Structure formats: C-alpha cells, structure tokens
Amino acid sequence: ENKKEPGRFGRFHEAFNRGFDRFRDFYVWMLHGLLARRIIVPLVAGAVILIAACLAPFIGTDFFPQVDAGVIQLHVRAPARTRIEETEKAFQLVENQIRATIPEKDRDLILDNIGLPQRTINLAFTDGSAIGVNDGVIQIALKPGHAPTTDYIKRLRADLPTMFPDVLFYFQPADMVTQILNFGVPTQVDVQVQGRDRAKNLDIAKQLQRRIADIPGAVDVHLQQEVDAPELFYDIDRTRAEELNQTVSTISNNLMISLSSSEQVYPNFWTDTKAGIPYYLAVQTPEYRIASLNDLNNVSLTSNASAAAPIPGTLGNVATFKRESIQSVINHSNVQPVYDIYASVQDRDLGGVATDIQKIVAEQNKHLPVGTHINVRGQIESMNSAFSRMTLGLIFAAVFVYLLMVVNFQDFLDPLVVILALPGAACGIITMLFITGTTLSVPSLMGAIMSIGVASANSILLVTFAREQTLEGKNPIEAAIAAGGTRLRPVLMTAAAMIVGMLPMAIGGAGEEQNAVLARAVIGGLLFGTCTTLLVVPYLYAMLRLAVGDQKRDEPDFGEPEGQPA
C-alpha cells in the first residue's frame with residue numbers, strides 16, 4: 001500500500017523494457033523459423049553477396065578523397081620566353097575572368113606569384129613547377145560558407161583555355177593533405193618517359209599526352225617540360241676571333257657578364273664587418289641597353305688578357321646568330337633525361353583513370369626502343385602500393401585472428417563461424433559506399449577494419465555463449481537460439497552506440513571529406529554486420545555443429561512456426 005508510483009523516468013524505463021522484451025520475443029520466434037526452414041538463410045545471404053559483388057565495380061577507388069579546403073591554386077604558363085611584364089598583363093586578364101566566374105560573396109583573396117625566386121636556394125621551398133618568368137601561380141581563397149570549390153574549378157577549366165588559347169592552365173592541389181599525398185608532384189597523375197634518346201622519347205611523350213587526354217575523367221593533361229622556347233644561337237668564327245685576340249671562353253664570359261652579371265662568372269663578395277653579412281658585388285649591362293638584337297650584337301668584348309695589344313671589338317664582329325627552338329628545362333631521373341605528362345582527375349575515380357592509363361602504357365611498352373621506360377607515378381603509384389599492402393595486411397590479420405580464437409576456444413569449428421560471418425560486414429560497407437556515392441579509399445578501408453573488428457567481437461560474444469550452452473548439454477540448435485536471445489541486448493547496444501556516434505562524422509561538410517568516408521564505411525559495415533551476427537552466426541553455429549555430429553540429444557521438433565508473438 002505504501003509503494004510509490006514510478007516517476008517519469010521510471011515509467012519510460014519500464015515501457016522501454018516491455019518494448020524490448022516484445023522485440024526479443026519476435027527475434028527468437030524469427031530465429032526459430034530460420035532454423036526450421038534452413039534454406040532461407042543461404043538464399044538470402046547468397047543474394048546479398050551477389051548484389052554487393054554487382055555493386056563493387058561501380059564504387060571506384062581513390063587514394064584519399066578530395067578535400068574542399070576553400071582554396072584554389074591555378075598554375076598559369078604564358079608562351080615560352082614571354083617577358084615578365086607581359087606575363088603580368090596576362091595574369092591580370094586571367095584574374096579578371098576569375099572575378100567574373102567567382103562572385104564577390106564567395107571570393108576572399110586572389111594572390112599572384114609570378115616567375116622564379118631571385119636566389120636559387122629558394123627553389124628548395126617550392127614545388128618546382130615554375131620554370132621561368134612566363135610561369136606562375138594564382139591562389140584564390142574563398143570565404144566561409146562558399147559554394148563547392150569543385151564547381152568553380154570546373155567552370156574555370158572550361159572557360160579559361162577557350163578565352164586564352166595560347167596560355168597553359170592546370171590546377172594544383174591547394175590543401176596541405178593532398179600536397180603531401182602527391183609526394184612533390186604538382187598533379188595527381190605523372191606518367192614519366194625515361195631514356196637516353198631525347199628525340200624519340202619526346203615523340204613518345206606527345207603520343208601519350210594525346211591518348212591520355214582522351215581518357216574520360218582525365219583533365220589538365222599537359223607536357224610539363226617546355227620544349228619550344230625560342231633561342232638565339234651564336235656561331236663564333238674562330239679564325240676571326242683569333243685575329244682579334246679573342247677566345248671562345250673570353251667571348252662567352254663577356255656575353256654572360258653582360259646578360260647575367262659577373263656573379264655567374266667571377267663571384268665576388270663584400271662583407272659588412274659590423275653586421276657580419278656578405279653581399280654580392282656584381283657588374284652587369286643595364287637591361288634597357290640590350291633591348292634589341294642590334295644592341296646584343298654590339299656588346300663589347302675584351303681581348304685575351306695575355307694579348308700584347310688588346311683590340312676592342314663587338315660580338316657581331318666574331319659571331320653570327322640564328323634562331324632556333326630549345327627545351328628550356330631539362331629533368332633527369334637516375335641520370336637519364338625524362339619527360340613528364342601531368343594530369344588530374346575530375347568527375348571520375350582515380351582508380352578508373354589509372355586503369356585506362358595502364359592499358360595505354362602497356363600498349364606503348366610493346367613499341368618502346370631499347371633503354372626507354374615508362375613509369376606511372378603520383379597518387380596512382382601510392383594508391384596501388386597502399387591498397388596491396390592493406391589487402392595483404394587484412395588477409396594476415398584474419399588468419400592470425402582465426403588462429404588466436406582457435407587457441408582460445410581449443411577448437412577449429414567455432415572460430416570458423418566468426419570468420420564466415422565477416423563477408424556480411426563487407427557487403428554492408430560496399431552497399432553504403434555505393435548509396436552515398438563514396439569511393440573506396442584508404443580512410444574507408446580504415447573504417448572497414450573498424451567495423452569488421454566490432455562485428456567480429458559481437459560474433460565472438462554470441463559464439464562463446466552458444467559454446468557454453470552446448471558444453472552444458474544443450475542441442476546446438478537450442479544453444480544457438482539461447483545465445484541469440486541472451487546476447488541480443490549487448491550486441492545491439494554495442495552496434496547502436498558506434499553507429500550513433502559516427503552519424504555526425506558521416507554527414508560531414510566542407511573540409512571533412514576524409515573523416516566522412518571512414519564513418520560511412522563503419523556505419524554500413526555495422527548495419528549489415530549486426531544482422532549477420534544475430535541471424536547468420538546462430539545459423540552457422542547450429543549447422544556446422546550438426547554437420548560434425550556434435551549433438552547431445554535429438555534435434556527438437558519445431559514443427560511449423562507459430563504466429564508472431566504479440
């Protein structure tokens with residue numbers, strides 16, 4: 001009579017327990033039906049695996065998902081040997097088009113970086129993609145709450161080459177993560193032609209460039225080396241130079257001093273004793289005095305210092321010029337010249353583009369001259385290496401976990417039940433990635449490992465209880481049903497806690513793409529893995545135990561399953 005009425009939380013607790021008890025009764029009833037009609041579980045499991053296998057080719061693979069960092073880095077290269085003041089004008093026109101494409105409400109800052117550092121030591125702090133005064137980078141920072149960065153990049157990719165056909169454009173990774181993942185390469189894909197024969201290798205590189213540009217999803221395909229720079233080549237008349245007491249070395253040194261200062265030929269320093277700072281002392285002809293070809297021909301030459309009577313002269317007196325084209329930058333790998341075809345990926349997964357590139361390279365390898373090699377570098381190389389190692393690691397992990405459970409259970413059959421349940425979690429991962437439009441990448445593989453680990457732990461929890469029931473004398477089917485009904489609450493509690501915890505991460509936002517794919521893989525693996533643990537694991541345990549004749553008494557006669565419990 002003195003018993004108090006339960007409070008609000010007490011009533012909620014009692015209502016929840018009643019609802020959960022009804023759900024558990026329904027689950028036990030369904031488990032009875034599945035074990036009575038044993039063909040249902042194999043058919044449903046086979047259908048799920050088949051559907052997942054059909055969806056897998058449409059997922060695609062990436063090394064890491066692209067991150068929307070709110071920054072765009074556009075590389076602009078004017079025609080070869082464009083003067084820096086003309087390059088600046090071209091950059092200004094490009095900036096005007098960028099401002100017309102990106103509205104002011106989303107545009108925060110535009111910064112230009114044109115040319116090369118004054119001191120070569122500063123090249124160590126750049127990515128090495130800039131090759132001269134006709135080259136540079138435009139960095140665009142977007143305001144918070146901006147539209148997707150990829151949308152603006154697509155529009156600029158389509159508009160800029162049309163408006164400036166003589167200028168080369170390609171987008172470089174702007175976020176720190178992608179820059180690190182590229183390992184110094186300014187684009188995602190780098191197909192490198194390496195060999196001693198430069199002329200043949202250049203033809204091969206141009207063929208590869210044309211074929212890679214036709215691959216769906218491959219964008220910004222270009223040859224990184226500038227091979228058509230204009231050049232003035234001076235042919236020295238040695239007889240005439242000798243008559244004027246000139247040598248090839250003195251002529252070249254005089255020309256170098258006039259064009260690039262004496263620092264290039266005779267470095268000279270003056271040290272400030274108070275500050276302790278050394279300064280270069282250099283002599284150079286003012287640039288405005290060499291503004292034309294005639295001015296260059298009139299560059300003064302000093303005679304050989306050992307000559308008894310120095311004779312004044314000019315460059316035009318001892319040399320004739322001709323116009324040629326030259327490769328302005330020469331790259332080497334393992335002491336051999338290389339040509340790099342750079343490319344990026346848009347609206348397609350990196351794995352699909354990589355497969356098409358590998359086909360082209362395999363066809364080209366059949367016709368390569370001796371000593372020439374084609375190497376596919378960039379994120380493709382890193383992705384293939386990471387995936388192969390992670391796959392090998394997963395296989396070894398599954399084997400070692402199985403052996404560890406064998407030692408723990410002192411039995412080879414029960415651990416097999418846990419291992420056979422893992423494909424269910426894998427099917428969930430594939431299905432979730434397909435539904436959310438997410439590719440298979442290193443973060444999603446990490447999420448797969450996490451979800452498989454939780455699913456394995458839940459399966460071990462259920463198998464351990466069923467094993468204890470069997471050892472106490474129960475039939476394997478009764479033990480499986482008892483294990484499912486008893487372990488239902490902890491299994492659901494563990495899976496639900498992790499799924500709910502991952503939901504905010506799975507939704508993601510700008511700059512959170514890498515964490516989002518991990519959470520989606522975890523959620524998909526747990527949704528399917530939990531169903532596998534509760535429905536397939538008891539079935540497998542009972543069937544495998546019955547198959548090896550491990551029965552303590554006759555199987556119970558279920559008959560027809562009764563109606564669903566209220």
# chains A, B, ... in the order shown; residues from 1 in each chain; ligands from 1

call {"tool": "residues_around", "arguments": {"residues": "segment 175-179 of chain A", "least_positions_apart": "3", "cutoff": "10 Å", "atoms": "only C-alpha atoms", "output": "list in words"}}
result
Phe63, Phe64, Pro65, Gln66, Val67, Asp68, Ala69, Gly70, Val71, Ile72, Gln73, Asp127, Gln172, Asn182, Phe183, Gly184, Val185, Pro186, Thr187, Gln188, Gln379 and Gly511 of chain A

call {"tool": "write_last_selection", "arguments": {"atoms": "N, CA and C atoms", "output": "PDB file, in the first residue's frame"}}
result
ATOM      1  N   PHE A  63      42.930   7.200 -53.814  1.00  0.00           N
ATOM      2  CA  PHE A  63      43.932   7.093 -52.761  1.00  0.00           C
ATOM      3  C   PHE A  63      43.385   7.723 -51.483  1.00  0.00           C
ATOM      4  N   PHE A  64      43.034   8.984 -51.541  1.00  0.00           N
ATOM      5  CA  PHE A  64      42.346   9.699 -50.462  1.00  0.00           C
ATOM      6  C   PHE A  64      41.252  10.551 -51.106  1.00  0.00           C
ATOM      7  N   PRO A  65      40.144  10.764 -50.448  1.00  0.00           N
ATOM      8  CA  PRO A  65      39.101  11.627 -51.031  1.00  0.00           C
ATOM      9  C   PRO A  65      39.581  13.066 -51.123  1.00  0.00           C
ATOM     10  N   GLN A  66      39.083  13.767 -52.133  1.00  0.00           N
ATOM     11  CA  GLN A  66      39.451  15.160 -52.297  1.00  0.00           C
ATOM     12  C   GLN A  66      38.799  16.007 -51.201  1.00  0.00           C
ATOM     13  N   VAL A  67      39.567  16.972 -50.713  1.00  0.00           N
ATOM     14  CA  VAL A  67      39.132  17.814 -49.597  1.00  0.00           C
ATOM     15  C   VAL A  67      38.810  19.209 -50.125  1.00  0.00           C
ATOM     16  N   ASP A  68      37.649  19.720 -49.742  1.00  0.00           N
ATOM     17  CA  ASP A  68      37.260  21.085 -50.104  1.00  0.00           C
ATOM     18  C   ASP A  68      37.816  22.026 -49.048  1.00  0.00           C
ATOM     19  N   ALA A  69      39.027  22.536 -49.297  1.00  0.00           N
ATOM     20  CA  ALA A  69      39.698  23.392 -48.324  1.00  0.00           C
ATOM     21  C   ALA A  69      39.351  24.865 -48.508  1.00  0.00           C
ATOM     22  N   GLY A  70      38.525  25.199 -49.508  1.00  0.00           N
ATOM     23  CA  GLY A  70      38.189  26.595 -49.733  1.00  0.00           C
ATOM     24  C   GLY A  70      39.312  27.393 -50.362  1.00  0.00           C
ATOM     25  N   VAL A  71      40.254  26.697 -51.014  1.00  0.00           N
ATOM     26  CA  VAL A  71      41.387  27.359 -51.668  1.00  0.00           C
ATOM     27  C   VAL A  71      41.565  26.750 -53.047  1.00  0.00           C
ATOM     28  N   ILE A  72      41.826  27.590 -54.040  1.00  0.00           N
ATOM     29  CA  ILE A  72      42.089  27.144 -55.412  1.00  0.00           C
ATOM     30  C   ILE A  72      43.493  27.601 -55.790  1.00  0.00           C
ATOM     31  N   GLN A  73      44.277  26.699 -56.354  1.00  0.00           N
ATOM     32  CA  GLN A  73      45.630  27.034 -56.791  1.00  0.00           C
ATOM     33  C   GLN A  73      45.723  26.743 -58.291  1.00  0.00           C
ATOM     34  N   ASP A 127      57.468  23.847 -55.174  1.00  0.00           N
ATOM     35  CA  ASP A 127      57.217  22.519 -55.726  1.00  0.00           C
ATOM     36  C   ASP A 127      57.949  22.279 -57.041  1.00  0.00           C
ATOM     37  N   GLN A 172      46.573  22.887 -59.372  1.00  0.00           N
ATOM     38  CA  GLN A 172      47.418  22.135 -58.439  1.00  0.00           C
ATOM     39  C   GLN A 172      46.676  21.932 -57.125  1.00  0.00           C
ATOM     40  N   ASN A 182      50.782  13.780 -52.727  1.00  0.00           N
ATOM     41  CA  ASN A 182      51.373  13.773 -54.070  1.00  0.00           C
ATOM     42  C   ASN A 182      52.875  13.559 -54.049  1.00  0.00           C
ATOM     43  N   PHE A 183      53.497  13.661 -52.882  1.00  0.00           N
ATOM     44  CA  PHE A 183      54.943  13.440 -52.728  1.00  0.00           C
ATOM     45  C   PHE A 183      55.748  14.316 -53.684  1.00  0.00           C
ATOM     46  N   GLY A 184      55.378  15.602 -53.748  1.00  0.00           N
ATOM     47  CA  GLY A 184      56.148  16.549 -54.535  1.00  0.00           C
ATOM     48  C   GLY A 184      55.673  16.733 -55.950  1.00  0.00           C
ATOM     49  N   VAL A 185      54.807  15.877 -56.453  1.00  0.00           N
ATOM     50  CA  VAL A 185      54.288  16.032 -57.809  1.00  0.00           C
ATOM     51  C   VAL A 185      53.131  17.023 -57.771  1.00  0.00           C
ATOM     52  N   PRO A 186      53.093  18.026 -58.681  1.00  0.00           N
ATOM     53  CA  PRO A 186      52.048  19.060 -58.593  1.00  0.00           C
ATOM     54  C   PRO A 186      50.676  18.616 -59.069  1.00  0.00           C
ATOM     55  N   THR A 187      50.529  17.390 -59.581  1.00  0.00           N
ATOM     56  CA  THR A 187      49.228  16.882 -60.005  1.00  0.00           C
ATOM     57  C   THR A 187      49.067  15.453 -59.506  1.00  0.00           C
ATOM     58  N   GLN A 188      47.853  14.904 -59.669  1.00  0.00           N
ATOM     59  CA  GLN A 188      47.591  13.556 -59.179  1.00  0.00           C
ATOM     60  C   GLN A 188      48.311  12.485 -59.997  1.00  0.00           C
ATOM     61  N   GLN A 379      49.848   9.862 -57.377  1.00  0.00           N
ATOM     62  CA  GLN A 379      48.953   9.165 -56.459  1.00  0.00           C
ATOM     63  C   GLN A 379      48.617   7.756 -56.932  1.00  0.00           C
ATOM     64  N   GLY A 511      35.659  20.282 -46.104  1.00  0.00           N
ATOM     65  CA  GLY A 511      36.911  20.016 -45.398  1.00  0.00           C
ATOM     66  C   GLY A 511      36.890  18.780 -44.528  1.00  0.00           C
TER      67      GLY A 511
END

call {"tool": "closest_residue", "arguments": {"among": "A:Pro476, A:Ser261, A:Asp106, A:Arg37", "to": "Pro144 of chain A", "atoms": "only C-alpha atoms"}}
result
A:Asp106

call {"tool": "closest_residue", "arguments": {"among": "A:Ala497, A:Gly371, A:Val442, A:Ile419", "to": "Thr391 of chain A", "atoms": "only C-alpha atoms"}}
result
A:Val442

call {"tool": "residues_around", "arguments": {"residues": "Val193 of chain A", "least_positions_apart": "2", "cutoff": "12 Å", "atoms": "only C-alpha atoms", "output": "ChimeraX atom specification"}}
result
/A:190-191,195-209,223-225,331-333,336-342,361,364-365,368-369,371-377

call {"tool": "residues_around", "arguments": {"residues": "Leu462 of chain A", "least_positions_apart": "4", "cutoff": "10 Å", "atoms": "only C-alpha atoms", "output": "compact mmCIF listing (two decimals) with N, CA and C atoms, in the first residue's frame"}}
result
# COMPACT_ATOMS: atom_id res chain seq x y z
N VAL A 418 32.87 -17.40 -36.77
CA VAL A 418 33.14 -15.96 -36.70
C VAL A 418 33.71 -15.45 -38.02
N SER A 456 33.23 -8.71 -35.52
CA SER A 456 33.89 -9.93 -35.04
C SER A 456 33.73 -10.07 -33.53
N ALA A 457 33.87 -8.97 -32.80
CA ALA A 457 33.72 -9.02 -31.35
C ALA A 457 32.30 -9.44 -30.95
N ASN A 458 31.28 -8.91 -31.66
CA ASN A 458 29.91 -9.30 -31.36
C ASN A 458 29.67 -10.77 -31.68
N ALA A 466 26.97 -19.58 -26.93
CA ALA A 466 26.42 -20.80 -27.52
C ALA A 466 27.31 -21.99 -27.20
N ARG A 467 28.60 -21.79 -27.20
CA ARG A 467 29.52 -22.89 -26.88
C ARG A 467 29.33 -23.34 -25.44
N ALA A 480 22.15 -22.24 -29.96
CA ALA A 480 22.22 -21.07 -30.83
C ALA A 480 21.07 -20.11 -30.53
N ALA A 482 19.38 -19.86 -27.70
CA ALA A 482 19.60 -19.27 -26.37
C ALA A 482 20.66 -18.18 -26.43
N ALA A 483 21.71 -18.41 -27.20
CA ALA A 483 22.76 -17.40 -27.32
C ALA A 483 22.23 -16.14 -27.99
N GLY A 484 21.41 -16.30 -29.05
CA GLY A 484 20.86 -15.13 -29.71
C GLY A 484 19.96 -14.33 -28.80
N GLY A 485 19.05 -15.01 -28.06
CA GLY A 485 18.15 -14.29 -27.17
C GLY A 485 18.86 -13.63 -26.02
N THR A 486 19.91 -14.27 -25.49
CA THR A 486 20.61 -13.72 -24.33
C THR A 486 21.53 -12.58 -24.71
N ARG A 487 22.23 -12.71 -25.84
CA ARG A 487 23.22 -11.72 -26.24
C ARG A 487 22.65 -10.64 -27.15
N LEU A 488 21.33 -10.64 -27.36
CA LEU A 488 20.73 -9.63 -28.23
C LEU A 488 20.98 -8.22 -27.73
N PRO A 490 23.36 -6.83 -25.54
CA PRO A 490 24.73 -6.26 -25.66
C PRO A 490 25.17 -6.07 -27.10
N VAL A 491 24.76 -6.97 -28.02
CA VAL A 491 25.14 -6.81 -29.42
C VAL A 491 24.53 -5.54 -30.00
N THR A 533 25.47 -11.06 -37.46
CA THR A 533 25.76 -11.63 -36.14
C THR A 533 24.52 -12.25 -35.51
N LEU A 534 23.39 -11.57 -35.62
CA LEU A 534 22.18 -12.03 -34.94
C LEU A 534 21.43 -13.12 -35.69
N VAL A 537 25.09 -15.94 -37.76
CA VAL A 537 26.02 -16.63 -36.86
C VAL A 537 25.33 -17.77 -36.09
N PRO A 538 24.14 -17.56 -35.49
CA PRO A 538 23.47 -18.71 -34.86
C PRO A 538 23.18 -19.84 -35.85
N TYR A 541 26.48 -21.60 -36.60
CA TYR A 541 26.92 -22.39 -35.44
C TYR A 541 26.14 -23.69 -35.35

call {"tool": "residues_around", "arguments": {"residues": "Glu95 of chain A", "least_positions_apart": "4", "cutoff": "9 Å", "atoms": "only C-alpha atoms", "output": "ChimeraX atom specification"}}
result
/A:90-91,99-100,110,138

call {"tool": "write_last_selection", "arguments": {"atoms": "C-alpha atoms", "output": "short mmCIF file (atom, residue, chain, number, x, y, z; two decimals), in the first residue's frame"}}
result
data_model
loop_
_atom_site.label_atom_id
_atom_site.label_comp_id
_atom_site.auth_asym_id
_atom_site.auth_seq_id
_atom_site.Cartn_x
_atom_site.Cartn_y
_atom_site.Cartn_z
CA ALA A 90 48.29 38.04 -68.96
CA PHE A 91 47.83 37.24 -65.27
CA ARG A 99 36.46 37.55 -60.69
CA ALA A 100 33.72 37.20 -63.29
CA ILE A 110 43.49 36.47 -55.02
CA ILE A 138 47.29 32.24 -58.87
#

call {"tool": "residues_around", "arguments": {"residues": "Ile114 of chain A", "least_positions_apart": "3", "cutoff": "12 Å", "atoms": "only C-alpha atoms", "output": "ChimeraX atom specification"}}
result
/A:74-78,82-92,111,117-118,129-139

call {"tool": "select_by_dssp", "arguments": {"residues": "segment 220-294 of chain A", "states": "strand (DSSP E)", "output": "list in words"}}
result
Asp220, Val221, His222, Leu223, Ala229, Pro230, Glu231, Leu232, Phe233, Tyr234, Asp235, Ile236, Phe269, Trp270, Thr271, Asp272, Ile277, Pro278, Tyr279 and Tyr280 of chain A

call {"tool": "residues_around", "arguments": {"residues": "Leu293 of chain A", "least_positions_apart": "5", "cutoff": "12 Å", "atoms": "only C-alpha atoms", "output": "NGL selection string"}}
result
:A and (232 or 234 or 298-299 or 315-316 or 320-323)

call {"tool": "write_last_selection", "arguments": {"atoms": "all heavy atoms", "output": "compact mmCIF listing (two decimals), in the first residue's frame"}}
result
# COMPACT_ATOMS: atom_id res chain seq x y z
N LEU A 232 68.46 32.20 -79.42
CA LEU A 232 69.43 32.79 -80.34
C LEU A 232 70.73 32.03 -80.19
O LEU A 232 71.33 32.02 -79.11
CB LEU A 232 69.64 34.27 -80.04
CG LEU A 232 68.54 35.25 -80.45
CD1 LEU A 232 68.89 36.66 -80.00
CD2 LEU A 232 68.32 35.21 -81.95
N TYR A 234 74.59 31.66 -81.29
CA TYR A 234 75.70 32.40 -81.91
C TYR A 234 76.79 31.41 -82.31
O TYR A 234 77.27 30.62 -81.49
CB TYR A 234 76.26 33.45 -80.95
CG TYR A 234 75.47 34.74 -80.97
CD1 TYR A 234 74.36 34.92 -80.16
CD2 TYR A 234 75.85 35.77 -81.84
CE1 TYR A 234 73.64 36.10 -80.19
CE2 TYR A 234 75.12 36.96 -81.86
CZ TYR A 234 74.01 37.10 -81.05
OH TYR A 234 73.30 38.27 -81.10
N ASN A 298 76.07 44.43 -80.55
CA ASN A 298 77.07 45.46 -80.24
C ASN A 298 77.64 45.34 -78.83
O ASN A 298 78.27 46.28 -78.34
CB ASN A 298 76.44 46.84 -80.41
CG ASN A 298 76.18 47.17 -81.87
OD1 ASN A 298 76.92 46.72 -82.77
ND2 ASN A 298 75.14 47.96 -82.13
N VAL A 299 77.42 44.21 -78.16
CA VAL A 299 78.01 44.01 -76.85
C VAL A 299 79.53 44.03 -76.97
O VAL A 299 80.13 43.34 -77.83
CB VAL A 299 77.54 42.67 -76.25
CG1 VAL A 299 78.36 42.30 -75.02
CG2 VAL A 299 76.07 42.75 -75.88
N LEU A 315 80.43 41.71 -80.32
CA LEU A 315 80.02 40.33 -80.56
C LEU A 315 79.71 40.09 -82.04
O LEU A 315 80.02 39.04 -82.59
CB LEU A 315 78.79 40.01 -79.70
CG LEU A 315 78.20 38.61 -79.83
CD1 LEU A 315 79.20 37.55 -79.38
CD2 LEU A 315 76.91 38.48 -79.01
N GLY A 316 79.12 41.10 -82.71
CA GLY A 316 78.77 40.94 -84.11
C GLY A 316 79.97 40.80 -85.01
O GLY A 316 79.84 40.31 -86.16
N THR A 320 78.02 35.01 -85.72
CA THR A 320 76.74 35.18 -86.42
C THR A 320 75.67 34.40 -85.68
O THR A 320 75.95 33.36 -85.08
CB THR A 320 76.84 34.69 -87.87
OG1 THR A 320 77.25 33.32 -87.87
CG2 THR A 320 77.82 35.52 -88.67
N PHE A 321 74.44 34.88 -85.74
CA PHE A 321 73.37 34.25 -84.97
C PHE A 321 72.35 33.60 -85.89
O PHE A 321 72.25 33.93 -87.08
CB PHE A 321 72.68 35.29 -84.07
CG PHE A 321 71.79 36.24 -84.82
CD1 PHE A 321 70.45 35.95 -85.02
CD2 PHE A 321 72.30 37.43 -85.35
CE1 PHE A 321 69.63 36.81 -85.70
CE2 PHE A 321 71.48 38.29 -86.05
CZ PHE A 321 70.14 37.98 -86.23
N LYS A 322 71.60 32.68 -85.32
CA LYS A 322 70.44 32.09 -85.98
C LYS A 322 69.41 31.75 -84.91
O LYS A 322 69.74 31.49 -83.75
CB LYS A 322 70.84 30.84 -86.76
CG LYS A 322 71.51 29.75 -85.93
CD LYS A 322 71.89 28.58 -86.83
CE LYS A 322 72.64 27.51 -86.02
NZ LYS A 322 73.03 26.36 -86.85
N ARG A 323 68.14 31.75 -85.33
CA ARG A 323 67.05 31.49 -84.41
C ARG A 323 66.72 30.00 -84.39
O ARG A 323 66.61 29.38 -85.45
CB ARG A 323 65.81 32.29 -84.80
CG ARG A 323 66.02 33.79 -84.79
CD ARG A 323 64.75 34.52 -85.21
NE ARG A 323 64.97 35.95 -85.32
CZ ARG A 323 64.85 36.81 -84.32
NH1 ARG A 323 64.50 36.38 -83.12
NH2 ARG A 323 65.06 38.10 -84.50

call {"tool": "closest_residue", "arguments": {"among": "A:Ala448, A:Ala495, A:Val548, A:Leu420", "to": "Ala45 of chain A", "atoms": "only C-alpha atoms"}}
result
A:Leu420

call {"tool": "closest_residue", "arguments": {"among": "A:Asn515, A:Gln358, A:Thr126, A:Asn408", "to": "Met446 of chain A", "atoms": "only C-alpha atoms"}}
result
A:Asn515

call {"tool": "closest_residue", "arguments": {"among": "A:Ala80, A:Ile452, A:Ala158, A:Leu109", "to": "Ile140 of chain A", "atoms": "only C-alpha atoms"}}
result
A:Leu109

call {"tool": "select_by_dssp", "arguments": {"residues": "segment 20-177 of chain A", "states": "alpha helix (DSSP H)", "output": "ChimeraX atom specification"}}
result
/A:20-36,40-55,84-101,149-163,176-177

call {"tool": "atom_distance", "arguments": {"atom1": "atom CA of Asp228 of chain A", "atom2": "atom CA of Glu324 of chain A"}}
result
8.9 Å

call {"tool": "atom_distance", "arguments": {"atom1": "atom CA of Phe434 of chain A", "atom2": "atom CA of Val41 of chain A"}}
result
24.1 Å
